[in-house]
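J.: I have a structure I would like to understand better, so I am pasting it below and will then ask my questions one at a time.
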Amino acid sequence: MTNLAQPDIKNTLALLVGVDFGLPRFDGQLEELGLLAQTAGLSPVARLICKRRAPDAALFIGTGKADEIKQLALQLGVQEILFDQSLSPAQQRNLERHLELPVNDRTLLILEIFGQRARSHEGKLQVELARLQYLSTRLVRRWTHLERQSGGIGMRGGPGETQIELDRRIIGDSIKRTKERLVKVKRQRQTQRRQRARHDTFNISLVGYTNAGKSTLFNTLVKARAYAADQLFATLDTTTRQLYLGELGRVISLSDTVGFIRDLPHGLIDAFQATLQEAVDADLLLHVVDFSSPNYVEQIDEVQHVLAEIGAAGIPQVLVFNKIDRVALEGRPAEMQDVYELDGQPVPRVFLSAQQGDGLVLLRALLANMLQQGQAPEMVDAFPCEP
């Protein structure tokens, strides 16, 4: 157990728990879970890591470790327990009874952050759908507020309807209504895409791990004011702008999409299908990577995994290794442009700093060169010279 920074007393104090099952990609320091907790407005005060061969069916971590967590939480005045892995409804319920504290997992934490950050009507609907689908498996009266949204005659159950049956009906009706609203939004987006297609617009989408600097790069390229900050999931809503490439004398369409993260909830991927469709329909993906992160290789793999899930794995990519200004001089590349092997294929790579502006001219020249020659990005033997 390692103590973290002193928390803000105004926020909920949280204890972070991670279980190492010997699988790859385990975050031994729980750094990302801590960042997620802080982004959600919680204050992590300690973290605890344990090892198991397999999850305990009832308590996920076993009785002995649950007792240890309970004692530590009581000692530190913790108000919530956060697990880095997903818990089953039964495990969550049993843990809350055993620990006598609210217990949540990584999935709900991400959903909470998305709920706080969504700004557009579409984004709010997508988050609401993902949250409803998650809570539908956890019938613990966490959505009584939905009764006020339902209205109409016959909403209340008859004398023979149990509370849990009423809960299921309330949340089921809410999921249905939310899906119907998202269908309308999806139609609007399809209309916008058809308009761009008629104008023969080349579409580029920015994708990448959360906090890789996509929005900063987007703002710098198109002189926009999309919200950008050094935090996880700073922006959720897709923004599309026109980018004029003076090197080519042509306008292209550039879209900034939501960032990805390890173990992104499947329900959230499904709910955000309309937003992520911008990436699926793109002619080219600018895959932004945080070059200063020690885990950037794993983060690239996570992005590739999500792209495969949404059907965008076959779209040509250019890797943009961002935040080079945060890398020590001895760790910087000798060449600002080279080739990176991605899923066994050579992919163009550019190093830059979206915040400082270094390497942006090189990126624009590379894009212009690709469009001018009509070459597929996998043909990387005809790079322009660095200006």
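For the structure tokens, the naming scheme is as follows: chains receive sequential letters (A, B, ...) according to their order of presentation, residues are indexed from 1 within each chain, and ligands are indexed from 1 in presentation order.
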Could you list, as a PyMOL selection string, every residue within 9 Å of range 355-361 of chain A, counting only C-alpha atoms and ignoring same-chain residues fewer than 3 positions away?
T.: chain A and resi 213+216-217+220-221+322-325+336+350-352+364-366+386-387
J.: Contacts of range 95-99 of chain A at 12 Å or less, counting only C-alpha atoms, minus same-chain residues fewer than 5 places along, as a PyMOL selection string?
T.: chain A and resi 15+56-74+78-83+87-90+104-105+140
J.: Using only C-alpha atoms, which protein or nucleic acid residues come within 7 Å of Ile252 in chain A? Drop anything in the same chain fewer than 4 positions from it, and give the result as number ranges by chain.
T.: A: 201-203, 242-244
J.: Would you work out the distance separating CA of Val288 in chain A from CA of Phe114 in chain A, expressed in Å to one decimal?
T.: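 Separation between CA of Val288 in chain A and CA of Phe114 in chain A: 20.5 Å.
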J.: Using only C-alpha atoms, determine which residues lie at most 9 Å from Lys214 in chain A, disregarding the query and same-chain residues fewer than 3 positions distant; provide the list as a PDB file with N, CA and C atoms, in the first residue's frame.
T.:
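Once everything was written out, this is selection-v4.pdb:
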ATOM      1  N   LEU A 206      -8.803  12.536 -36.469  1.00  0.00           N
ATOM      2  CA  LEU A 206      -7.782  12.388 -35.439  1.00  0.00           C
ATOM      3  C   LEU A 206      -8.247  11.326 -34.451  1.00  0.00           C
ATOM      4  N   VAL A 207      -7.423  10.327 -34.220  1.00  0.00           N
ATOM      5  CA  VAL A 207      -7.715   9.301 -33.228  1.00  0.00           C
ATOM      6  C   VAL A 207      -6.498   9.160 -32.325  1.00  0.00           C
ATOM      7  N   GLY A 208      -6.680   8.504 -31.198  1.00  0.00           N
ATOM      8  CA  GLY A 208      -5.555   8.295 -30.300  1.00  0.00           C
ATOM      9  C   GLY A 208      -6.001   8.048 -28.879  1.00  0.00           C
ATOM     10  N   TYR A 209      -5.038   7.704 -28.062  1.00  0.00           N
ATOM     11  CA  TYR A 209      -5.296   7.476 -26.644  1.00  0.00           C
ATOM     12  C   TYR A 209      -5.660   8.799 -25.987  1.00  0.00           C
ATOM     13  N   THR A 210      -6.476   8.733 -24.951  1.00  0.00           N
ATOM     14  CA  THR A 210      -6.888   9.956 -24.287  1.00  0.00           C
ATOM     15  C   THR A 210      -5.681  10.723 -23.747  1.00  0.00           C
ATOM     16  N   ASN A 211      -5.727  12.016 -23.854  1.00  0.00           N
ATOM     17  CA  ASN A 211      -4.665  12.931 -23.405  1.00  0.00           C
ATOM     18  C   ASN A 211      -3.387  12.824 -24.237  1.00  0.00           C
ATOM     19  N   LEU A 217      -3.659  19.498 -31.261  1.00  0.00           N
ATOM     20  CA  LEU A 217      -3.231  19.433 -32.660  1.00  0.00           C
ATOM     21  C   LEU A 217      -4.336  19.925 -33.576  1.00  0.00           C
ATOM     22  N   PHE A 218      -5.566  19.539 -33.290  1.00  0.00           N
ATOM     23  CA  PHE A 218      -6.717  19.980 -34.084  1.00  0.00           C
ATOM     24  C   PHE A 218      -6.822  21.499 -34.071  1.00  0.00           C
ATOM     25  N   ASN A 219      -6.744  22.090 -32.884  1.00  0.00           N
ATOM     26  CA  ASN A 219      -6.842  23.545 -32.765  1.00  0.00           C
ATOM     27  C   ASN A 219      -5.725  24.245 -33.523  1.00  0.00           C
ATOM     28  N   ALA A 228      -9.283  21.982 -24.947  1.00  0.00           N
ATOM     29  CA  ALA A 228      -8.126  21.110 -24.807  1.00  0.00           C
ATOM     30  C   ALA A 228      -7.487  21.366 -23.451  1.00  0.00           C
ATOM     31  N   ASP A 256     -11.994  15.908 -35.037  1.00  0.00           N
ATOM     32  CA  ASP A 256     -11.406  15.527 -33.753  1.00  0.00           C
ATOM     33  C   ASP A 256     -12.393  14.604 -33.049  1.00  0.00           C
ATOM     34  N   THR A 257     -11.955  13.403 -32.667  1.00  0.00           N
ATOM     35  CA  THR A 257     -12.857  12.420 -32.075  1.00  0.00           C
ATOM     36  C   THR A 257     -12.494  12.171 -30.616  1.00  0.00           C
ATOM     37  N   VAL A 258     -13.364  11.432 -29.921  1.00  0.00           N
ATOM     38  CA  VAL A 258     -13.147  11.111 -28.517  1.00  0.00           C
ATOM     39  C   VAL A 258     -11.917  10.224 -28.367  1.00  0.00           C
ATOM     40  N   GLY A 259     -11.185  10.410 -27.287  1.00  0.00           N
ATOM     41  CA  GLY A 259     -10.001   9.603 -27.038  1.00  0.00           C
ATOM     42  C   GLY A 259     -10.345   8.207 -26.547  1.00  0.00           C
ATOM     43  N   HIS A 287      -3.224   9.153 -36.317  1.00  0.00           N
ATOM     44  CA  HIS A 287      -3.159   8.459 -35.028  1.00  0.00           C
ATOM     45  C   HIS A 287      -2.160   9.197 -34.140  1.00  0.00           C
ATOM     46  N   VAL A 288      -2.692   9.989 -33.192  1.00  0.00           N
ATOM     47  CA  VAL A 288      -1.856  10.826 -32.335  1.00  0.00           C
ATOM     48  C   VAL A 288      -1.386  10.020 -31.134  1.00  0.00           C
ATOM     49  N   VAL A 289      -0.076  10.058 -30.880  1.00  0.00           N
ATOM     50  CA  VAL A 289       0.542   9.287 -29.799  1.00  0.00           C
ATOM     51  C   VAL A 289       1.273  10.233 -28.864  1.00  0.00           C
ATOM     52  N   ASN A 322       3.376  12.954 -30.792  1.00  0.00           N
ATOM     53  CA  ASN A 322       3.224  14.302 -30.239  1.00  0.00           C
ATOM     54  C   ASN A 322       3.991  14.461 -28.919  1.00  0.00           C
ATOM     55  N   ALA A 354       2.506  19.659 -30.878  1.00  0.00           N
ATOM     56  CA  ALA A 354       1.332  20.448 -31.267  1.00  0.00           C
ATOM     57  C   ALA A 354       1.268  21.744 -30.481  1.00  0.00           C
TER      58      ALA A 354
END
J.: Please extract the residues of range 195-360 of chain A with a backbone DSSP assignment of alpha helix (DSSP H) and present them as an MDAnalysis selection string.
T.: chainID A and resid 195:198 214:222 266:271 273:280 296:309 360
J.: May I have the residues within 10 Å of range 28-35 of chain A as number ranges by chain, using only C-alpha atoms and disregarding those fewer than 5 positions away in the same chain?
T.: A: 2, 4, 14-20, 40-50, 82-85, 105-106, 109-110, 231-232, 261-262
J.: For the residues in that selection, give me N, CA and C atoms as an mmCIF file, in the first residue's frame.
T.:
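Okay, out-v1.cif is ready:
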data_model
loop_
_atom_site.group_PDB
_atom_site.id
_atom_site.type_symbol
_atom_site.label_atom_id
_atom_site.label_comp_id
_atom_site.auth_asym_id
_atom_site.auth_seq_id
_atom_site.Cartn_x
_atom_site.Cartn_y
_atom_site.Cartn_z
ATOM 1 N N THR A 2 0.557 2.188 -0.876
ATOM 2 C CA THR A 2 1.342 3.405 -1.002
ATOM 3 C C THR A 2 0.441 4.607 -0.858
ATOM 4 N N LEU A 4 -0.841 8.379 -1.367
ATOM 5 C CA LEU A 4 -0.780 9.329 -2.470
ATOM 6 C C LEU A 4 -0.754 10.732 -1.916
ATOM 7 N N ALA A 14 -11.152 8.433 -1.831
ATOM 8 C CA ALA A 14 -11.287 7.129 -2.476
ATOM 9 C C ALA A 14 -10.044 6.278 -2.247
ATOM 10 N N LEU A 15 -10.262 4.986 -2.099
ATOM 11 C CA LEU A 15 -9.187 3.998 -2.011
ATOM 12 C C LEU A 15 -9.151 3.231 -3.318
ATOM 13 N N LEU A 16 -7.985 3.185 -3.969
ATOM 14 C CA LEU A 16 -7.831 2.505 -5.249
ATOM 15 C C LEU A 16 -7.358 1.076 -5.028
ATOM 16 N N VAL A 17 -7.972 0.142 -5.732
ATOM 17 C CA VAL A 17 -7.633 -1.269 -5.579
ATOM 18 C C VAL A 17 -7.373 -1.875 -6.950
ATOM 19 N N GLY A 18 -6.247 -2.553 -7.081
ATOM 20 C CA GLY A 18 -5.921 -3.259 -8.316
ATOM 21 C C GLY A 18 -5.559 -4.696 -8.010
ATOM 22 N N VAL A 19 -5.973 -5.613 -8.855
ATOM 23 C CA VAL A 19 -5.701 -7.042 -8.661
ATOM 24 C C VAL A 19 -4.880 -7.556 -9.840
ATOM 25 N N ASP A 20 -3.704 -8.069 -9.529
ATOM 26 C CA ASP A 20 -2.798 -8.581 -10.552
ATOM 27 C C ASP A 20 -3.051 -10.073 -10.730
ATOM 28 N N ALA A 40 -12.740 12.569 -12.334
ATOM 29 C CA ALA A 40 -14.141 12.460 -11.944
ATOM 30 C C ALA A 40 -14.465 13.301 -10.713
ATOM 31 N N GLY A 41 -13.453 13.923 -10.097
ATOM 32 C CA GLY A 41 -13.684 14.766 -8.934
ATOM 33 C C GLY A 41 -13.453 14.072 -7.612
ATOM 34 N N LEU A 42 -12.868 12.879 -7.642
ATOM 35 C CA LEU A 42 -12.568 12.149 -6.415
ATOM 36 C C LEU A 42 -11.136 12.432 -5.978
ATOM 37 N N SER A 43 -10.841 12.139 -4.727
ATOM 38 C CA SER A 43 -9.498 12.341 -4.184
ATOM 39 C C SER A 43 -8.923 11.013 -3.717
ATOM 40 N N PRO A 44 -8.063 10.386 -4.516
ATOM 41 C CA PRO A 44 -7.431 9.140 -4.080
ATOM 42 C C PRO A 44 -6.471 9.396 -2.917
ATOM 43 N N VAL A 45 -6.624 8.659 -1.836
ATOM 44 C CA VAL A 45 -5.755 8.851 -0.671
ATOM 45 C C VAL A 45 -4.782 7.696 -0.493
ATOM 46 N N ALA A 46 -5.072 6.555 -1.089
ATOM 47 C CA ALA A 46 -4.185 5.396 -0.983
ATOM 48 C C ALA A 46 -4.515 4.412 -2.080
ATOM 49 N N ARG A 47 -3.591 3.502 -2.323
ATOM 50 C CA ARG A 47 -3.835 2.460 -3.311
ATOM 51 C C ARG A 47 -3.331 1.130 -2.768
ATOM 52 N N LEU A 48 -4.007 0.090 -3.126
ATOM 53 C CA LEU A 48 -3.679 -1.238 -2.620
ATOM 54 C C LEU A 48 -3.684 -2.218 -3.775
ATOM 55 N N ILE A 49 -2.625 -3.010 -3.874
ATOM 56 C CA ILE A 49 -2.491 -3.974 -4.964
ATOM 57 C C ILE A 49 -2.325 -5.363 -4.377
ATOM 58 N N CYS A 50 -3.043 -6.311 -4.922
ATOM 59 C CA CYS A 50 -2.912 -7.694 -4.473
ATOM 60 C C CYS A 50 -2.797 -8.618 -5.679
ATOM 61 N N LEU A 82 -12.582 2.084 -5.231
ATOM 62 C CA LEU A 82 -12.545 2.010 -6.689
ATOM 63 C C LEU A 82 -11.649 0.862 -7.126
ATOM 64 N N PHE A 83 -12.200 -0.033 -7.949
ATOM 65 C CA PHE A 83 -11.439 -1.158 -8.488
ATOM 66 C C PHE A 83 -11.002 -0.853 -9.919
ATOM 67 N N ASP A 84 -9.780 -1.267 -10.249
ATOM 68 C CA ASP A 84 -9.254 -1.011 -11.581
ATOM 69 C C ASP A 84 -9.829 -1.971 -12.615
ATOM 70 N N GLN A 85 -10.403 -3.080 -12.152
ATOM 71 C CA GLN A 85 -11.019 -4.038 -13.061
ATOM 72 C C GLN A 85 -12.543 -3.946 -12.976
ATOM 73 N N ASP A 105 -16.353 0.328 -10.047
ATOM 74 C CA ASP A 105 -15.247 -0.190 -10.846
ATOM 75 C C ASP A 105 -14.840 0.809 -11.922
ATOM 76 N N ARG A 106 -13.836 0.423 -12.680
ATOM 77 C CA ARG A 106 -13.274 1.293 -13.717
ATOM 78 C C ARG A 106 -14.323 1.681 -14.759
ATOM 79 N N LEU A 109 -16.583 4.414 -13.500
ATOM 80 C CA LEU A 109 -15.794 5.643 -13.369
ATOM 81 C C LEU A 109 -15.661 6.340 -14.718
ATOM 82 N N ILE A 110 -15.391 5.582 -15.771
ATOM 83 C CA ILE A 110 -15.293 6.162 -17.110
ATOM 84 C C ILE A 110 -16.636 6.725 -17.547
ATOM 85 N N GLN A 231 -5.530 16.563 -19.377
ATOM 86 C CA GLN A 231 -6.301 15.676 -18.522
ATOM 87 C C GLN A 231 -6.967 14.616 -19.385
ATOM 88 N N LEU A 232 -7.427 13.549 -18.730
ATOM 89 C CA LEU A 232 -8.083 12.475 -19.458
ATOM 90 C C LEU A 232 -9.453 12.922 -19.937
ATOM 91 N N ILE A 261 -9.142 4.553 -24.376
ATOM 92 C CA ILE A 261 -8.454 4.224 -23.135
ATOM 93 C C ILE A 261 -8.487 2.716 -22.951
ATOM 94 N N ARG A 262 -7.582 2.225 -22.131
ATOM 95 C CA ARG A 262 -7.545 0.783 -21.850
ATOM 96 C C ARG A 262 -8.856 0.324 -21.236
#
J.: I need the residues of range 46-182 of chain A that end up classed as strand (DSSP E or B) by DSSP on the backbone, written out as a PyMOL selection string.
T.: chain A and resi 46-51+56+60+80-83+103-105
